[in-house]
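Asker: For reference, the file model-v4.cif (mmCIF, C-alpha atoms) is included below:
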```cif
data_structure
#
loop_
_atom_site.label_atom_id
_atom_site.label_comp_id
_atom_site.auth_asym_id
_atom_site.auth_seq_id
_atom_site.Cartn_x
_atom_site.Cartn_y
_atom_site.Cartn_z
CA MET Q 1 248.82 165.67 32.65
CA GLY Q 2 248.48 163.31 35.59
CA LEU Q 3 249.49 162.39 39.13
CA ILE Q 4 251.30 159.53 40.86
CA GLY Q 5 250.40 158.17 44.29
CA ILE Q 6 252.50 155.66 46.24
CA ASP Q 7 251.59 153.61 49.31
CA LEU Q 8 254.83 152.20 50.78
CA GLY Q 9 254.53 149.62 53.53
CA GLY Q 10 256.91 147.18 55.10
CA THR Q 11 255.58 144.30 52.98
CA GLN Q 12 253.88 145.85 49.94
CA LEU Q 13 254.59 148.75 47.57
CA ARG Q 14 251.74 150.13 45.47
CA VAL Q 15 252.06 152.80 42.82
CA ALA Q 16 249.03 154.38 41.13
CA ALA Q 17 248.67 156.68 38.16
CA ALA Q 18 245.70 159.03 38.27
CA ASP Q 19 244.25 161.76 36.12
CA ASP Q 20 244.19 165.42 37.15
CA ARG Q 21 240.92 164.87 39.00
CA GLY Q 22 242.49 162.13 41.14
CA ARG Q 23 240.75 159.18 39.50
CA LEU Q 24 242.94 156.06 39.62
CA ARG Q 25 243.81 154.48 36.28
CA THR Q 26 246.75 152.09 36.64
CA VAL Q 27 247.97 150.42 39.85
CA VAL Q 28 251.24 148.49 40.09
CA ARG Q 29 251.79 146.23 43.11
CA GLU Q 30 255.16 144.83 44.17
CA PRO Q 31 256.62 143.33 47.35
CA THR Q 32 258.64 145.95 49.20
CA GLU Q 33 261.50 143.59 50.15
CA ALA Q 34 262.31 145.94 53.01
CA ALA Q 35 264.80 143.54 54.60
CA ARG Q 36 267.16 144.09 51.65
CA GLY Q 37 267.80 147.64 52.76
CA ARG Q 38 267.13 151.26 51.94
CA GLN Q 39 268.74 151.52 48.51
CA HIS Q 40 267.02 148.34 47.31
CA VAL Q 41 263.62 149.71 48.37
CA ILE Q 42 264.29 153.07 46.72
CA ASP Q 43 265.31 151.30 43.52
CA ARG Q 44 262.06 149.30 43.63
CA ILE Q 45 260.02 152.48 44.06
CA VAL Q 46 261.71 154.11 41.07
CA ALA Q 47 261.27 150.97 38.95
CA ALA Q 48 257.60 150.69 39.93
CA VAL Q 49 257.02 154.33 38.96
CA ALA Q 50 258.69 153.67 35.59
CA GLU Q 51 256.52 150.58 35.05
CA THR Q 52 253.37 152.53 35.94
CA LEU Q 53 254.29 155.23 33.42
CA ARG Q 54 255.07 152.56 30.81
CA GLN Q 55 251.63 151.02 31.26
CA GLU Q 56 250.10 154.49 31.05
CA ARG Q 57 252.14 155.30 27.93
CA SER Q 58 253.19 158.44 29.75
CA SER Q 59 256.45 160.08 30.86
CA PRO Q 60 257.72 162.17 33.82
CA PRO Q 61 257.14 165.55 32.14
CA ARG Q 62 253.44 164.69 31.87
CA ILE Q 63 253.14 164.06 35.67
CA ARG Q 64 252.47 167.11 37.81
CA ALA Q 65 253.40 165.63 41.21
CA LEU Q 66 254.10 162.42 43.10
CA GLY Q 67 252.71 161.80 46.60
CA ILE Q 68 254.05 159.01 48.79
CA GLY Q 69 252.74 157.75 52.12
CA LEU Q 70 254.81 155.57 54.43
CA PRO Q 71 254.90 154.66 58.11
CA GLY Q 72 256.09 157.32 60.50
CA PRO Q 73 257.77 159.11 61.92
CA VAL Q 74 258.30 161.42 58.96
CA ASP Q 75 258.74 165.18 58.58
CA PRO Q 76 256.62 166.22 55.57
CA ALA Q 77 257.78 169.83 55.57
CA ALA Q 78 261.44 168.76 55.36
CA GLY Q 79 260.70 165.83 53.04
CA LEU Q 80 262.46 163.60 55.55
CA VAL Q 81 261.88 159.99 56.61
CA ILE Q 82 262.99 159.91 60.24
CA SER Q 83 262.97 156.28 61.45
CA PRO Q 84 260.06 153.97 60.49
CA ALA Q 85 260.21 150.70 62.40
CA ASN Q 86 259.37 148.44 59.46
CA LEU Q 87 261.68 150.04 56.86
CA PRO Q 88 265.23 149.19 57.97
CA GLY Q 89 267.88 151.76 57.05
CA PHE Q 90 265.42 154.61 56.48
CA ARG Q 91 266.86 156.92 59.12
CA ASN Q 92 266.92 160.65 58.34
CA VAL Q 93 266.49 159.97 54.62
CA PRO Q 94 265.62 162.99 52.38
CA LEU Q 95 263.17 160.95 50.34
CA ASN Q 96 261.49 163.90 48.62
CA ARG Q 97 264.79 164.99 47.09
CA ILE Q 98 265.87 161.43 46.26
CA LEU Q 99 262.64 160.56 44.41
CA THR Q 100 262.44 163.91 42.64
CA ASN Q 101 265.98 163.44 41.33
CA ALA Q 102 265.47 159.78 40.41
CA THR Q 103 262.08 160.07 38.70
CA GLY Q 104 262.10 163.62 37.37
CA ILE Q 105 258.74 164.20 39.10
CA PRO Q 106 258.25 166.67 42.00
CA SER Q 107 257.82 164.31 44.98
CA PHE Q 108 256.17 164.87 48.37
CA LEU Q 109 255.96 162.48 51.33
CA HIS Q 110 253.63 162.23 54.30
CA HIS Q 111 252.71 159.79 57.05
CA ASP Q 112 250.55 156.99 55.64
CA ALA Q 113 247.83 157.35 58.30
CA HIS Q 114 247.51 161.06 57.53
CA LEU Q 115 247.16 160.32 53.84
CA ALA Q 116 244.53 157.67 54.59
CA ALA Q 117 242.67 160.38 56.52
CA LEU Q 118 242.97 162.68 53.51
CA GLY Q 119 241.69 159.94 51.22
CA GLU Q 120 238.62 159.31 53.38
CA HIS Q 121 238.04 163.07 53.66
CA ARG Q 122 238.22 163.70 49.92
CA ARG Q 123 236.80 160.48 48.49
CA GLY Q 124 235.36 158.37 51.30
CA ALA Q 125 233.38 158.34 54.53
CA GLY Q 126 234.51 161.79 55.70
CA ARG Q 127 233.39 163.86 52.72
CA GLY Q 128 231.95 167.19 53.82
CA ALA Q 129 233.50 167.16 57.29
CA SER Q 130 235.94 169.95 58.13
CA GLU Q 131 237.09 168.36 61.43
CA LEU Q 132 237.94 164.69 60.95
CA ILE Q 133 240.01 162.08 62.76
CA TYR Q 134 240.92 158.83 61.04
CA VAL Q 135 241.93 155.98 63.39
CA THR Q 136 243.05 152.54 62.30
CA VAL Q 137 243.36 149.69 64.80
CA SER Q 138 245.26 146.70 63.47
CA THR Q 139 248.75 145.39 64.27
CA GLY Q 140 249.40 148.89 65.60
CA ILE Q 141 247.21 151.94 66.10
CA GLY Q 142 247.60 155.00 63.90
CA ALA Q 143 245.68 158.18 63.24
CA GLY Q 144 245.46 161.14 60.92
CA LEU Q 145 243.94 164.54 61.60
CA LEU Q 146 242.16 167.06 59.40
CA LEU Q 147 241.40 170.37 61.04
CA ARG Q 148 239.41 173.01 59.13
CA GLY Q 149 239.67 170.71 56.15
CA GLU Q 150 243.48 170.70 56.17
CA LEU Q 151 245.92 167.97 57.13
CA TYR Q 152 247.42 168.65 60.53
CA ALA Q 153 250.84 167.09 61.12
CA GLY Q 154 252.21 169.21 63.96
CA ALA Q 155 255.53 171.04 64.16
CA HIS Q 156 257.58 168.16 62.78
CA GLY Q 157 255.04 165.76 61.27
CA ILE Q 158 254.49 163.63 64.39
CA ALA Q 159 250.92 164.71 65.30
CA GLY Q 160 248.29 161.99 65.39
CA GLU Q 161 250.27 159.31 67.22
CA VAL Q 162 247.18 158.26 69.14
CA GLY Q 163 248.62 154.76 69.59
CA HIS Q 164 251.08 156.20 72.07
CA ILE Q 165 248.61 157.84 74.41
CA VAL Q 166 249.29 156.17 77.78
CA VAL Q 167 246.05 154.71 79.09
CA GLN Q 168 247.46 152.18 81.59
CA PRO Q 169 250.44 153.62 83.49
CA GLY Q 170 252.88 150.83 84.26
CA GLY Q 171 251.15 148.53 81.76
CA PRO Q 172 252.71 146.38 79.03
CA LEU Q 173 255.83 147.62 77.27
CA CYS Q 174 255.10 149.35 73.96
CA ARG Q 175 257.41 149.29 70.94
CA CYS Q 176 257.98 153.02 71.50
CA GLY Q 177 259.63 152.28 74.85
CA ASN Q 178 256.82 153.53 77.11
CA HIS Q 179 254.55 151.34 79.19
CA GLY Q 180 250.77 151.17 78.89
CA CYS Q 181 250.27 152.92 75.53
CA VAL Q 182 246.89 152.19 73.96
CA GLU Q 183 248.73 150.40 71.14
CA ALA Q 184 250.29 148.03 73.69
CA VAL Q 185 246.91 147.07 75.15
CA ALA Q 186 244.28 147.51 72.41
CA SER Q 187 245.98 146.77 69.08
CA GLY Q 188 246.06 143.33 67.52
CA THR Q 189 249.55 142.95 68.99
CA GLY Q 190 248.29 143.96 72.43
CA ILE Q 191 245.30 141.59 72.27
CA ALA Q 192 247.55 138.69 71.27
CA HIS Q 193 249.99 139.55 74.07
CA ALA Q 194 247.18 139.59 76.64
CA ALA Q 195 245.92 136.21 75.41
CA ARG Q 196 249.37 134.63 75.49
CA ASP Q 197 249.87 135.93 79.02
CA ALA Q 198 246.52 134.83 80.45
CA ALA Q 199 245.70 131.62 78.54
CA PRO Q 200 248.28 129.36 80.24
CA ARG Q 201 246.77 130.35 83.62
CA THR Q 202 243.17 129.75 82.49
CA PRO Q 203 242.61 126.01 81.89
CA GLY Q 204 238.88 126.47 81.32
CA SER Q 205 239.39 128.73 78.30
CA ALA Q 206 239.52 127.60 74.69
CA LEU Q 207 242.61 129.81 74.39
CA HIS Q 208 244.41 127.57 76.89
CA ARG Q 209 244.72 124.89 74.23
CA ILE Q 210 246.36 127.24 71.69
CA GLU Q 211 250.12 127.64 72.01
CA ASN Q 212 250.38 131.18 70.64
CA PRO Q 213 246.88 132.64 70.30
CA THR Q 214 246.40 135.31 67.66
CA PRO Q 215 243.87 138.17 67.70
CA GLU Q 216 241.74 136.09 65.32
CA ASP Q 217 241.79 133.21 67.84
CA VAL Q 218 240.61 135.59 70.56
CA VAL Q 219 237.73 136.87 68.40
CA ARG Q 220 236.63 133.34 67.46
CA ALA Q 221 236.71 132.24 71.09
CA ALA Q 222 234.76 135.33 72.18
CA ARG Q 223 232.05 134.64 69.62
CA ALA Q 224 231.78 131.11 71.00
CA GLY Q 225 231.19 132.54 74.47
CA ASP Q 226 234.66 132.10 75.95
CA VAL Q 227 234.87 134.18 79.15
CA LEU Q 228 238.60 134.93 78.96
CA ALA Q 229 238.42 135.99 75.30
CA ASN Q 230 235.49 138.30 76.01
CA THR Q 231 237.34 139.80 78.98
CA ILE Q 232 240.41 140.49 76.83
CA LEU Q 233 238.31 142.24 74.16
CA GLU Q 234 236.38 144.19 76.78
CA THR Q 235 239.62 145.42 78.31
CA ALA Q 236 241.03 146.36 74.91
CA GLY Q 237 237.82 148.17 73.96
CA THR Q 238 237.78 150.06 77.24
CA TYR Q 239 241.31 151.35 76.79
CA LEU Q 240 240.68 152.21 73.14
CA GLY Q 241 237.64 154.21 74.25
CA ILE Q 242 239.76 156.22 76.70
CA ALA Q 243 242.12 157.18 73.87
CA LEU Q 244 239.20 158.12 71.61
CA GLY Q 245 237.63 160.15 74.39
CA THR Q 246 240.90 162.04 74.76
CA LEU Q 247 240.86 162.86 71.03
CA VAL Q 248 237.23 163.98 71.24
CA ASN Q 249 238.01 166.35 74.11
CA LEU Q 250 241.10 167.74 72.37
CA PHE Q 251 239.75 168.21 68.84
CA ASN Q 252 235.92 168.20 69.01
CA PRO Q 253 235.67 166.37 65.64
CA GLN Q 254 232.60 166.08 63.48
CA VAL Q 255 233.58 162.61 62.26
CA ILE Q 256 235.81 159.80 63.48
CA VAL Q 257 236.53 157.30 60.71
CA LEU Q 258 237.36 154.12 62.59
CA GLY Q 259 238.81 151.13 60.79
CA GLY Q 260 241.40 148.38 60.89
CA SER Q 261 241.31 144.61 61.25
CA VAL Q 262 240.79 144.63 65.04
CA LEU Q 263 237.39 146.31 64.63
CA LYS Q 264 236.14 143.10 63.03
CA ALA Q 265 235.85 141.80 66.61
CA GLY Q 266 232.51 143.60 66.66
CA ARG Q 267 230.27 144.02 69.70
CA PRO Q 268 232.59 142.51 72.38
CA LEU Q 269 235.11 145.27 71.64
CA LEU Q 270 232.93 148.07 70.26
CA GLN Q 271 230.39 148.21 73.10
CA PRO Q 272 232.97 148.76 75.87
CA MET Q 273 234.81 151.14 73.55
CA ARG Q 274 231.76 153.38 73.15
CA ARG Q 275 230.93 153.24 76.89
CA SER Q 276 234.49 154.17 77.76
CA MET Q 277 234.70 156.91 75.14
CA ASN Q 278 231.51 158.48 76.48
CA ALA Q 279 232.72 158.21 80.08
CA SER Q 280 236.09 159.79 79.27
CA SER Q 281 234.89 162.68 77.11
CA TRP Q 282 232.81 165.76 77.71
CA ARG Q 283 229.27 165.48 76.40
CA ALA Q 284 229.49 168.88 74.69
CA SER Q 285 232.57 167.67 72.77
CA ARG Q 286 230.58 164.73 71.39
CA ARG Q 287 227.64 166.79 70.17
CA GLY Q 288 226.90 165.80 66.58
CA LEU Q 289 229.85 163.38 66.47
CA ARG Q 290 229.57 160.55 63.95
CA ILE Q 291 231.72 157.43 64.18
CA VAL Q 292 231.77 155.73 60.79
CA ARG Q 293 233.52 152.90 59.02
CA PRO Q 294 236.04 153.68 56.26
CA ALA Q 295 234.59 153.73 52.76
CA LEU Q 296 237.86 153.17 50.91
CA ALA Q 297 239.09 150.12 52.85
CA GLY Q 298 242.65 149.22 51.88
CA ASP Q 299 242.83 151.92 49.19
CA ALA Q 300 242.52 154.88 51.57
CA GLY Q 301 246.27 155.43 51.78
CA LEU Q 302 246.83 155.10 48.04
CA ILE Q 303 243.97 157.45 47.19
CA GLY Q 304 245.20 159.81 49.88
CA ALA Q 305 248.68 159.83 48.29
CA VAL Q 306 247.14 160.82 44.96
CA GLU Q 307 245.08 163.54 46.64
CA PHE Q 308 248.20 164.81 48.41
CA ALA Q 309 250.01 164.99 45.06
CA ARG Q 310 247.06 166.91 43.66
CA LEU Q 311 247.19 169.36 46.57
CA ARG Q 312 250.92 169.92 46.18
CA ALA Q 313 250.60 170.43 42.43
CA ARG Q 314 247.86 172.99 42.97
CA HIS Q 315 249.93 174.86 45.58
CA ALA Q 316 252.88 174.92 43.18
CA ARG Q 317 250.68 176.31 40.43
CA GLU Q 318 249.29 179.02 42.73
CA ALA Q 319 252.70 180.02 44.12
#
```
Go ahead and express the file in the form of structure tokens.
Answerer:
Amino acid sequence: MGLIGIDLGGTQLRVAAADDRGRLRTVVREPTEAARGRQHVIDRIVAAVAETLRQERSSPPRIRALGIGLPGPVDPAAGLVISPANLPGFRNVPLNRILTNATGIPSFLHHDAHLAALGEHRRGAGRGASELIYVTVSTGIGAGLLLRGELYAGAHGIAGEVGHIVVQPGGPLCRCGNHGCVEAVASGTGIAHAARDAAPRTPGSALHRIENPTPEDVVRAARAGDVLANTILETAGTYLGIALGTLVNLFNPQVIVLGGSVLKAGRPLLQPMRRSMNASSWRASRRGLRIVRPALAGDAGLIGAVEFARLRARHAREA
């Protein structure tokens, strides 16, 4: 018997077969081709599962459960994809039922950031922690929560949307429709927006000579001593720290697993982040807190999907 884990993103689909202990064996990678619509993506998922089983020389009856992580918002309890921004046409889609019927394998979905948190908790940097928050800072900002060792998704699966904590009232417009969310000011998208806004007005900056500066351009300029670039990263780090401090006060975690491409900026972002987090959280809430890097890197979501399948299979067996 075995398990299937799926990591579904807007650009890449990954399907993994694992043994009953959650150890990955075969991984199939395909482009998602999200722009071609919902049914096309579902067909690709089903075909990728079939290919994974073919390579494993296995069949649906030999698979105990299938776990799939995808961008939110989703409702895990209802098995419903609500409206992910980068998967066009996936609005109120009963994906659990669709995949179960199409593959013959009991299927269970969850938010990808929550499954990455589960992966780091079970197999990565958060092993042994009962209270864990996983935060990823890249194009957007996402988070997953484990409380008392269990995934916490809230009443309808939306818990953990740390990227939409407002840290700058009246600030830049966020994709969610609010202004001043931490995602709008501290994500890679927010950093690039700040650079594109300020660079044309700052002739002395290296960023002034770049038509559409990227987050990577900002980091390179900061490392070369550029004042504007360092100011942008300091501002982003400060706002990120406020959001983290809010999480610390709310949940009193043992571990924050902090990852994502933006963190590669290093000291110019991380120092103000830590100062701001400390200033915006209660000292007692930070007692014993460890902030660590992810151990599973880009595989956290895929491993988390397998672990979620394992959990669901165990619950079914115990029911």
Asker: Give me the residues near Met273 (chain Q) as a short mmCIF file (atom, residue, chain, number, x, y, z; two decimals) with C-alpha atoms, in the coordinates of the input, where near means some atom within 7 Å (using all atoms listed in the file) and where sequence neighbours in that chain fewer than 4 positions away do not count.
Answerer:
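After the write, out.cif holds the following:
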```cif
data_model
loop_
_atom_site.label_atom_id
_atom_site.label_comp_id
_atom_site.auth_asym_id
_atom_site.auth_seq_id
_atom_site.Cartn_x
_atom_site.Cartn_y
_atom_site.Cartn_z
CA GLY Q 237 237.82 148.17 73.96
CA THR Q 238 237.78 150.06 77.24
CA LEU Q 240 240.68 152.21 73.14
CA GLY Q 241 237.64 154.21 74.25
CA LEU Q 269 235.11 145.27 71.64
CA MET Q 277 234.70 156.91 75.14
#
```
Asker: Taking every listed atom of region 213-227 of chain Q and adding 5 Å to each side, what centre and edge lengths in Å (one decimal) does the axis-aligned box have, as AutoDock Vina command-line options?
Answerer:
```
--center_x 239.0 --center_y 134.6 --center_z 72.2 --size_x 25.7 --size_y 17.1 --size_z 23.8
```
Asker: Residues at most 9 Å from Ile242 (chain Q), counting only C-alpha atoms, excluding those fewer than 3 positions away in the same chain, as a ChimeraX atom specification?
Answerer: /Q:167,182,237-239,245-247,273,276-281
Asker: Could you give me, as a PDB file with C-alpha atoms, in the coordinates of the input, the residues that sit within 7 Å of (246.9, 158.3, 78.1) in the file's coordinates, counting all atoms listed in the file?
Answerer:
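Output contents, as saved in result-v1.pdb:
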```
ATOM      1  CA  ILE Q 165     248.610 157.840  74.410  1.00  0.00           C
ATOM      2  CA  VAL Q 166     249.290 156.170  77.780  1.00  0.00           C
ATOM      3  CA  VAL Q 167     246.050 154.710  79.090  1.00  0.00           C
ATOM      4  CA  CYS Q 181     250.270 152.920  75.530  1.00  0.00           C
ATOM      5  CA  ALA Q 243     242.120 157.180  73.870  1.00  0.00           C
TER       6      ALA Q 243
END
```
Asker: How far is it from CA of Ala34 (chain Q) to CA of Asn101 (chain Q), in Å with one decimal?
Answerer: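 These atoms are spaced 21.4 Å apart.
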Asker: Mind telling me what the PyMOL selection byres ((chain Q and resi 97) around 10) catches here, as JSON, numbers by chain?
Answerer: {"Q": [78, 79, 80, 93, 94, 95, 96, 98, 99, 100, 101, 102, 106, 107, 108]}
Asker: For Leu258 (chain Q), list every protein, DNA or RNA residue within 10 Å, evaluated using all atoms listed in the file, and leave out those in the same chain fewer than 6 positions away; present the list as a PyMOL selection string.
Answerer: chain Q and resi 125+133-137+143+291-294
Asker: Out of Q:Leu109, Q:Arg310, Q:Thr235, Q:Gly124, which residue has the shortest atom-to-atom distance to Ala153 (chain Q) when counting only C-alpha atoms?
Answerer: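 Looking at the shortest contact to Ala153 (chain Q), the residue is Q:Leu109.
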Asker: Mind giving me the straight-line distance from CA of Arg267 (chain Q) to CA of Ala224 (chain Q) in Å, one decimal?
Answerer: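 Rounded to one decimal, the two atoms are 13.1 Å apart.
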Asker: Please identify all polymer residues lying at most 8 Å from the point (259.4, 161.7, 32.3) (file coordinates), using all atoms listed in the file, and present the result as JSON, numbers by chain.
Answerer: {"Q": [58, 59, 60, 61, 62, 63, 103, 104, 105]}
Asker: Could you expand the PyMOL selection byres ((chain Q and resi 311) around 12) into the explicit residues it covers here, written as a PyMOL selection string?
Answerer: chain Q and resi 3+5+20-22+64-67+107-108+115+118-119+122+150-151+304-310+312-318
Asker: Go ahead and write the selection's residues with C-alpha atoms as an mmCIF file, in the frame of the given file.
Answerer:
```cif
data_model
loop_
_atom_site.group_PDB
_atom_site.id
_atom_site.type_symbol
_atom_site.label_atom_id
_atom_site.label_comp_id
_atom_site.auth_asym_id
_atom_site.auth_seq_id
_atom_site.Cartn_x
_atom_site.Cartn_y
_atom_site.Cartn_z
ATOM 1 C CA LEU Q 3 249.490 162.390 39.130
ATOM 2 C CA GLY Q 5 250.400 158.170 44.290
ATOM 3 C CA ASP Q 20 244.190 165.420 37.150
ATOM 4 C CA ARG Q 21 240.920 164.870 39.000
ATOM 5 C CA GLY Q 22 242.490 162.130 41.140
ATOM 6 C CA ARG Q 64 252.470 167.110 37.810
ATOM 7 C CA ALA Q 65 253.400 165.630 41.210
ATOM 8 C CA LEU Q 66 254.100 162.420 43.100
ATOM 9 C CA GLY Q 67 252.710 161.800 46.600
ATOM 10 C CA SER Q 107 257.820 164.310 44.980
ATOM 11 C CA PHE Q 108 256.170 164.870 48.370
ATOM 12 C CA LEU Q 115 247.160 160.320 53.840
ATOM 13 C CA LEU Q 118 242.970 162.680 53.510
ATOM 14 C CA GLY Q 119 241.690 159.940 51.220
ATOM 15 C CA ARG Q 122 238.220 163.700 49.920
ATOM 16 C CA GLU Q 150 243.480 170.700 56.170
ATOM 17 C CA LEU Q 151 245.920 167.970 57.130
ATOM 18 C CA GLY Q 304 245.200 159.810 49.880
ATOM 19 C CA ALA Q 305 248.680 159.830 48.290
ATOM 20 C CA VAL Q 306 247.140 160.820 44.960
ATOM 21 C CA GLU Q 307 245.080 163.540 46.640
ATOM 22 C CA PHE Q 308 248.200 164.810 48.410
ATOM 23 C CA ALA Q 309 250.010 164.990 45.060
ATOM 24 C CA ARG Q 310 247.060 166.910 43.660
ATOM 25 C CA ARG Q 312 250.920 169.920 46.180
ATOM 26 C CA ALA Q 313 250.600 170.430 42.430
ATOM 27 C CA ARG Q 314 247.860 172.990 42.970
ATOM 28 C CA HIS Q 315 249.930 174.860 45.580
ATOM 29 C CA ALA Q 316 252.880 174.920 43.180
ATOM 30 C CA ARG Q 317 250.680 176.310 40.430
ATOM 31 C CA GLU Q 318 249.290 179.020 42.730
#
```
Asker: How would you write, as a list in words, the residues chosen by the PyMOL selection byres ((chain Q and resi 55) around 12) on this structure?
Answerer: Val15, Ala16, Ala17, Arg25, Thr26, Val27, Val28, Ala48, Val49, Ala50, Glu51, Thr52, Leu53, Arg54, Glu56, Arg57, Ser58 and Ser59 of chain Q
Asker: Need to verify the contact set: Pro172 (chain Q), 9 Å, all atoms listed in the file, exclusion of same-chain residues closer than 5 positions in sequence. Can you return it as a PyMOL selection string?
Answerer: chain Q and resi 178-181+184-185+190+193
Asker: What would the file be for region 94-149 of chain Q if you keep C-alpha atoms and write it as a compact mmCIF listing (two decimals), in the first residue's frame?
Answerer:
```txt
# COMPACT_ATOMS: atom_id res chain seq x y z
CA PRO Q 94 -15.43 20.33 -5.23
CA LEU Q 95 -11.96 19.03 -6.00
CA ASN Q 96 -11.96 16.26 -3.39
CA ARG Q 97 -15.00 14.63 -5.00
CA ILE Q 98 -13.75 15.22 -8.56
CA LEU Q 99 -10.33 13.63 -7.94
CA THR Q 100 -11.75 10.75 -5.91
CA ASN Q 101 -14.14 9.91 -8.74
CA ALA Q 102 -11.53 10.36 -11.48
CA THR Q 103 -8.66 8.46 -9.86
CA GLY Q 104 -10.44 5.93 -7.66
CA ILE Q 105 -8.31 7.13 -4.72
CA PRO Q 106 -9.77 8.90 -1.64
CA SER Q 107 -8.60 12.49 -2.16
CA PHE Q 108 -8.13 15.35 0.33
CA LEU Q 109 -7.13 18.95 -0.36
CA HIS Q 110 -5.58 21.66 1.79
CA HIS Q 111 -3.93 25.05 1.41
CA ASP Q 112 -0.37 24.63 0.10
CA ALA Q 113 1.20 26.82 2.83
CA HIS Q 114 -0.49 24.72 5.52
CA LEU Q 115 0.82 21.55 3.95
CA ALA Q 116 4.32 23.05 3.75
CA ALA Q 117 3.99 23.75 7.49
CA LEU Q 118 2.96 20.12 8.03
CA GLY Q 119 5.92 18.92 5.98
CA GLU Q 120 8.40 20.98 8.00
CA HIS Q 121 6.73 19.83 11.23
CA ARG Q 122 6.85 16.14 10.37
CA ARG Q 123 10.04 15.89 8.32
CA GLY Q 124 11.92 19.19 8.50
CA ALA Q 125 13.01 22.08 10.69
CA GLY Q 126 9.97 21.98 12.99
CA ARG Q 127 10.23 18.39 14.20
CA GLY Q 128 9.35 18.12 17.88
CA ALA Q 129 7.53 21.44 18.10
CA SER Q 130 3.86 21.36 19.04
CA GLU Q 131 3.26 25.07 18.28
CA LEU Q 132 4.70 26.01 14.89
CA ILE Q 133 4.17 28.77 12.35
CA TYR Q 134 5.53 28.41 8.83
CA VAL Q 135 5.91 31.68 6.90
CA THR Q 136 7.10 31.99 3.32
CA VAL Q 137 8.03 35.38 1.84
CA SER Q 138 8.38 35.34 -1.93
CA THR Q 139 6.13 36.77 -4.66
CA GLY Q 140 3.43 36.77 -1.99
CA ILE Q 141 3.43 36.00 1.72
CA GLY Q 142 1.76 32.86 3.05
CA ALA Q 143 1.66 30.98 6.31
CA GLY Q 144 0.57 27.73 7.88
CA LEU Q 145 -0.20 27.03 11.52
CA LEU Q 146 0.21 23.96 13.71
CA LEU Q 147 -1.30 24.24 17.16
CA ARG Q 148 -0.84 21.38 19.65
CA GLY Q 149 0.73 19.46 16.80
```
